[in-house]
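Trainee: Mind having a look at this structure? Questions to follow.
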There are 2 protein chains.
Amino acid sequence: MAATRRRLAPEERRRHLIETALHVFARQRYDETELEDVASEAGVQRPLIYHYFPGGKKALYLAVVEHAWQLLVEQLDTSGDDPPAQRLPQNLSRYLDLIETDDAALAVVRQARRLEDPDVVAVIENASALVAAGMAHNQLRDDAPSAVVLAGLRAFIGWFDVVLDQWQAGLLTRAQVEALVAETLPAVAGAAVRADGA
Amino acid sequence: MAATRRRLAPEERRRHLIETALHVFARQRYDETELEDVASEAGVQRPLIYHYFPGGKKALYLAVVEHAWQLLVEQLDTSGDDPPAQRLPQNLSRYLDLIETDDAALAVVRQARRLEDPDVVAVIENASALVAAGMAHNQLRDDAPSAVVLAGLRAFIGWFDVVLDQWQAGLLTRAQVEALVAETLPAVAGAAVRADGA
């Protein structure tokens, strides 16, 4: 362990701590997790974590949520040039795969959405705004959406979360989730455009 | 105080405790609230609360959430016989009024939706299913909606919550919220019907 630790450069060490913490936070709720859990899983002492994250558990968690978000963005294309009719089912299918395989990054981001801490909310709000902008581009070919259009599309994420909960509760099949999303996202986008002109 | 207490019949006393607790939980988060806060506001001793709610804070809270839900249902007509084109704006307008006046029942229900306790989740799930059934009746004249249609409509509540958050954050005007809902609810209902047939 000590040998491994010595070999890591600071950036690698920081990254290793974030990746280790990603898996800890994917398994355990934020409020149930102690910094000691991450330290022992990473094979380091707690003070080393404070060295890299002087803000402690909260600072480490924010870095983990941002990292998780980057991992998801890399896996889910939201800015390609295929027509939306092709892109939506592909992205959705990848997303549902990540849920079915208990992907750690997705678990962290979904859990983070439930927290009320202002700093966590800010990271999630920022990510949601980017997703909404991606949907405006894909669904509407609109790269400067109005506040109303953005709001309707951001709220689609809230719709989608409830549908996912119902899938995970066994009330819907995966095929039903895919059919619901394929029909509802364009409908919500169209409704937001009409509301904007109202 | 003692005189007042003696005059209340058990059912009245129980109701008084629930109504007092409603206002306490509307102001304070569940995890920040002590049974003592409710006892002192109600002018009673803690053991009296345990007499009516042997399960303590959790049991009292569940009774409060159910009571809050009943109060909302009484104020929001979801089963009238006006055409939906008239009913939706009326119900929505009343709901937004309740938010603007910091209505205690609505505050409790919205806060309860964020809790992960299984008993609270069960009460909220039950209420959400009733709302979805009301929307199926109003929007689609469908009194026996399929699982897919119900899921799409229940998820509309998730969409609506995000829109309300954005209104309360100052990103949307009330008129924009009303226009978004008026366009989006029928669109989501129609999409769910199409998904069901897919």
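Starting from 1 in every chain, residues are counted up; chains themselves are A, B, ... following the order of the structure tokens, and ligands are numbered from 1 as listed.
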May I have the residues within 9 Å of Leu76 (chain A) as a PyMOL selection string, using only C-alpha atoms and disregarding those fewer than 2 positions away in the same chain?

Mentor: chain A and resi 71-74+78+90-92+94-95

Trainee: Export C-alpha atoms of the chosen residues as a PDB file, in the first residue's frame?

Mentor:
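Output (part_31.pdb):
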```
ATOM      1  CA  LEU A  71     -18.497  10.295 -16.822  1.00  0.00           C
ATOM      2  CA  LEU A  72     -22.172  10.328 -17.760  1.00  0.00           C
ATOM      3  CA  VAL A  73     -21.728  13.068 -20.348  1.00  0.00           C
ATOM      4  CA  GLU A  74     -18.929  11.049 -21.971  1.00  0.00           C
ATOM      5  CA  THR A  78     -26.411  14.883 -26.426  1.00  0.00           C
ATOM      6  CA  GLN A  90     -29.847   5.415 -28.540  1.00  0.00           C
ATOM      7  CA  ASN A  91     -29.135   7.757 -25.629  1.00  0.00           C
ATOM      8  CA  LEU A  92     -32.109   6.496 -23.683  1.00  0.00           C
ATOM      9  CA  ARG A  94     -27.578   3.615 -22.972  1.00  0.00           C
ATOM     10  CA  TYR A  95     -29.003   5.401 -19.945  1.00  0.00           C
TER      11      TYR A  95
END
```

Trainee: Find the spatial neighbours of region 19-33 of chain A, counting only C-alpha atoms, within a cut-off of 8 Å - ignore same-chain residues fewer than 5 positions away - and output them as number ranges by chain.

Mentor: A: 38, 41-42, 60-61, 64-65, 68, 104-105, 107-108, 111

Trainee: Region 83-139 of chain A: which residues are helix (DSSP H, G or I) by DSSP, as a PyMOL selection string?

Mentor: chain A and resi 84-100+104-112+118-139

Trainee: Name all residues at most 12 Å from Arg174 (chain A) (count only C-alpha atoms; drop same-chain ones fewer than 6 positions away) and give them as a compact mmCIF listing (two decimals) with N, CA and C atoms, in the first residue's frame.

Mentor:
```txt
# COMPACT_ATOMS: atom_id res chain seq x y z
N LEU A 92 -31.23 7.04 -24.72
CA LEU A 92 -32.11 6.50 -23.68
C LEU A 92 -31.71 5.06 -23.37
N SER A 93 -31.45 4.29 -24.41
CA SER A 93 -31.11 2.89 -24.22
C SER A 93 -29.81 2.77 -23.43
N TYR A 95 -28.69 4.96 -21.31
CA TYR A 95 -29.00 5.40 -19.94
C TYR A 95 -29.66 4.28 -19.14
N LEU A 96 -30.61 3.60 -19.77
CA LEU A 96 -31.30 2.50 -19.07
C LEU A 96 -30.33 1.34 -18.81
N ASP A 97 -29.39 1.13 -19.74
CA ASP A 97 -28.35 0.12 -19.50
C ASP A 97 -27.56 0.47 -18.23
N ILE A 99 -28.51 2.11 -15.67
CA ILE A 99 -29.31 1.82 -14.47
C ILE A 99 -29.30 0.32 -14.21
N GLU A 100 -29.51 -0.46 -15.27
CA GLU A 100 -29.60 -1.92 -15.08
C GLU A 100 -28.28 -2.51 -14.60
N VAL A 163 -40.81 8.33 -13.89
CA VAL A 163 -40.98 7.14 -14.74
C VAL A 163 -39.94 6.08 -14.37
N LEU A 164 -38.70 6.51 -14.15
CA LEU A 164 -37.65 5.55 -13.77
C LEU A 164 -37.98 4.88 -12.43
N ASP A 165 -38.46 5.68 -11.48
CA ASP A 165 -38.85 5.10 -10.18
C ASP A 165 -39.90 4.02 -10.38
N GLN A 166 -40.84 4.27 -11.28
CA GLN A 166 -41.91 3.31 -11.49
C GLN A 166 -41.43 2.06 -12.23
N TRP A 167 -40.45 2.25 -13.11
CA TRP A 167 -39.82 1.10 -13.75
C TRP A 167 -39.10 0.26 -12.68
N GLN A 168 -38.33 0.94 -11.82
CA GLN A 168 -37.56 0.21 -10.82
C GLN A 168 -38.47 -0.44 -9.76
N LEU A 180 -42.80 5.43 -23.62
CA LEU A 180 -43.25 6.66 -22.95
C LEU A 180 -42.31 7.83 -23.26
N VAL A 181 -41.01 7.59 -23.14
CA VAL A 181 -40.05 8.67 -23.38
C VAL A 181 -40.10 9.12 -24.84
N VAL B 148 -49.43 2.18 -18.19
CA VAL B 148 -48.59 3.13 -18.92
C VAL B 148 -49.15 4.54 -18.84
```

Trainee: From the options A:Val131, A:His51, A:Ala147, A:Ala112, which residue's atoms come nearest to Ala195 (chain A), counting only C-alpha atoms?

Mentor: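 Of the candidates, the smallest distance to Ala195 (chain A) is held by A:Ala147.
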
Trainee: Report as JSON lines the residues of chain A within 9 Å of chain B, each with its shortest atom pair and distance in Å (one decimal), using only C-alpha atoms, ordered by chain and increasing residue number.

Mentor:
```
{"residue": "A:Arg114", "atom": "CA", "partner": "B:Arg114", "partner_atom": "CA", "distance": 7.0}
{"residue": "A:Leu115", "atom": "CA", "partner": "B:Arg114", "partner_atom": "CA", "distance": 8.8}
{"residue": "A:Ala147", "atom": "CA", "partner": "B:Leu171", "partner_atom": "CA", "distance": 7.1}
{"residue": "A:Val148", "atom": "CA", "partner": "B:Gln176", "partner_atom": "CA", "distance": 6.8}
{"residue": "A:Val149", "atom": "CA", "partner": "B:Leu180", "partner_atom": "CA", "distance": 8.8}
{"residue": "A:Ala151", "atom": "CA", "partner": "B:Val163", "partner_atom": "CA", "distance": 6.4}
{"residue": "A:Gly152", "atom": "CA", "partner": "B:Leu180", "partner_atom": "CA", "distance": 6.9}
{"residue": "A:Leu153", "atom": "CA", "partner": "B:Trp159", "partner_atom": "CA", "distance": 8.9}
{"residue": "A:Arg154", "atom": "CA", "partner": "B:Val162", "partner_atom": "CA", "distance": 7.3}
{"residue": "A:Ala155", "atom": "CA", "partner": "B:Trp159", "partner_atom": "CA", "distance": 4.5}
{"residue": "A:Phe156", "atom": "CA", "partner": "B:Trp159", "partner_atom": "CA", "distance": 5.5}
{"residue": "A:Ile157", "atom": "CA", "partner": "B:Trp159", "partner_atom": "CA", "distance": 7.1}
{"residue": "A:Gly158", "atom": "CA", "partner": "B:Gly158", "partner_atom": "CA", "distance": 4.5}
{"residue": "A:Trp159", "atom": "CA", "partner": "B:Ala155", "partner_atom": "CA", "distance": 4.5}
{"residue": "A:Phe160", "atom": "CA", "partner": "B:Ala155", "partner_atom": "CA", "distance": 6.9}
{"residue": "A:Asp161", "atom": "CA", "partner": "B:Gly158", "partner_atom": "CA", "distance": 7.3}
{"residue": "A:Val162", "atom": "CA", "partner": "B:Ala155", "partner_atom": "CA", "distance": 4.9}
{"residue": "A:Val163", "atom": "CA", "partner": "B:Ala155", "partner_atom": "CA", "distance": 5.8}
{"residue": "A:Gln166", "atom": "CA", "partner": "B:Ala151", "partner_atom": "CA", "distance": 7.1}
{"residue": "A:Leu171", "atom": "CA", "partner": "B:Ala147", "partner_atom": "CA", "distance": 7.0}
{"residue": "A:Leu172", "atom": "CA", "partner": "B:Val148", "partner_atom": "CA", "distance": 7.0}
{"residue": "A:Gln176", "atom": "CA", "partner": "B:Val148", "partner_atom": "CA", "distance": 6.8}
{"residue": "A:Val177", "atom": "CA", "partner": "B:Val148", "partner_atom": "CA", "distance": 8.4}
{"residue": "A:Glu178", "atom": "CA", "partner": "B:Ala195", "partner_atom": "CA", "distance": 8.6}
{"residue": "A:Ala179", "atom": "CA", "partner": "B:Ala195", "partner_atom": "CA", "distance": 5.0}
{"residue": "A:Leu180", "atom": "CA", "partner": "B:Ala195", "partner_atom": "CA", "distance": 5.1}
{"residue": "A:Val181", "atom": "CA", "partner": "B:Ala195", "partner_atom": "CA", "distance": 8.3}
{"residue": "A:Ala182", "atom": "CA", "partner": "B:Ala195", "partner_atom": "CA", "distance": 7.9}
{"residue": "A:Glu183", "atom": "CA", "partner": "B:Ala191", "partner_atom": "CA", "distance": 5.0}
{"residue": "A:Thr184", "atom": "CA", "partner": "B:Ala191", "partner_atom": "CA", "distance": 5.1}
{"residue": "A:Leu185", "atom": "CA", "partner": "B:Val188", "partner_atom": "CA", "distance": 8.7}
{"residue": "A:Pro186", "atom": "CA", "partner": "B:Ala191", "partner_atom": "CA", "distance": 8.9}
{"residue": "A:Ala187", "atom": "CA", "partner": "B:Ala187", "partner_atom": "CA", "distance": 5.5}
{"residue": "A:Val188", "atom": "CA", "partner": "B:Thr184", "partner_atom": "CA", "distance": 5.8}
{"residue": "A:Ala189", "atom": "CA", "partner": "B:Thr184", "partner_atom": "CA", "distance": 8.7}
{"residue": "A:Gly190", "atom": "CA", "partner": "B:Ala187", "partner_atom": "CA", "distance": 8.4}
{"residue": "A:Ala191", "atom": "CA", "partner": "B:Glu183", "partner_atom": "CA", "distance": 5.0}
{"residue": "A:Ala192", "atom": "CA", "partner": "B:Leu180", "partner_atom": "CA", "distance": 6.0}
{"residue": "A:Val193", "atom": "CA", "partner": "B:Leu180", "partner_atom": "CA", "distance": 8.9}
{"residue": "A:Arg194", "atom": "CA", "partner": "B:Glu183", "partner_atom": "CA", "distance": 7.0}
{"residue": "A:Ala195", "atom": "CA", "partner": "B:Ala179", "partner_atom": "CA", "distance": 5.0}
{"residue": "A:Asp196", "atom": "CA", "partner": "B:Gln176", "partner_atom": "CA", "distance": 7.5}
{"residue": "A:Ala198", "atom": "CA", "partner": "B:Ala179", "partner_atom": "CA", "distance": 6.7}
```
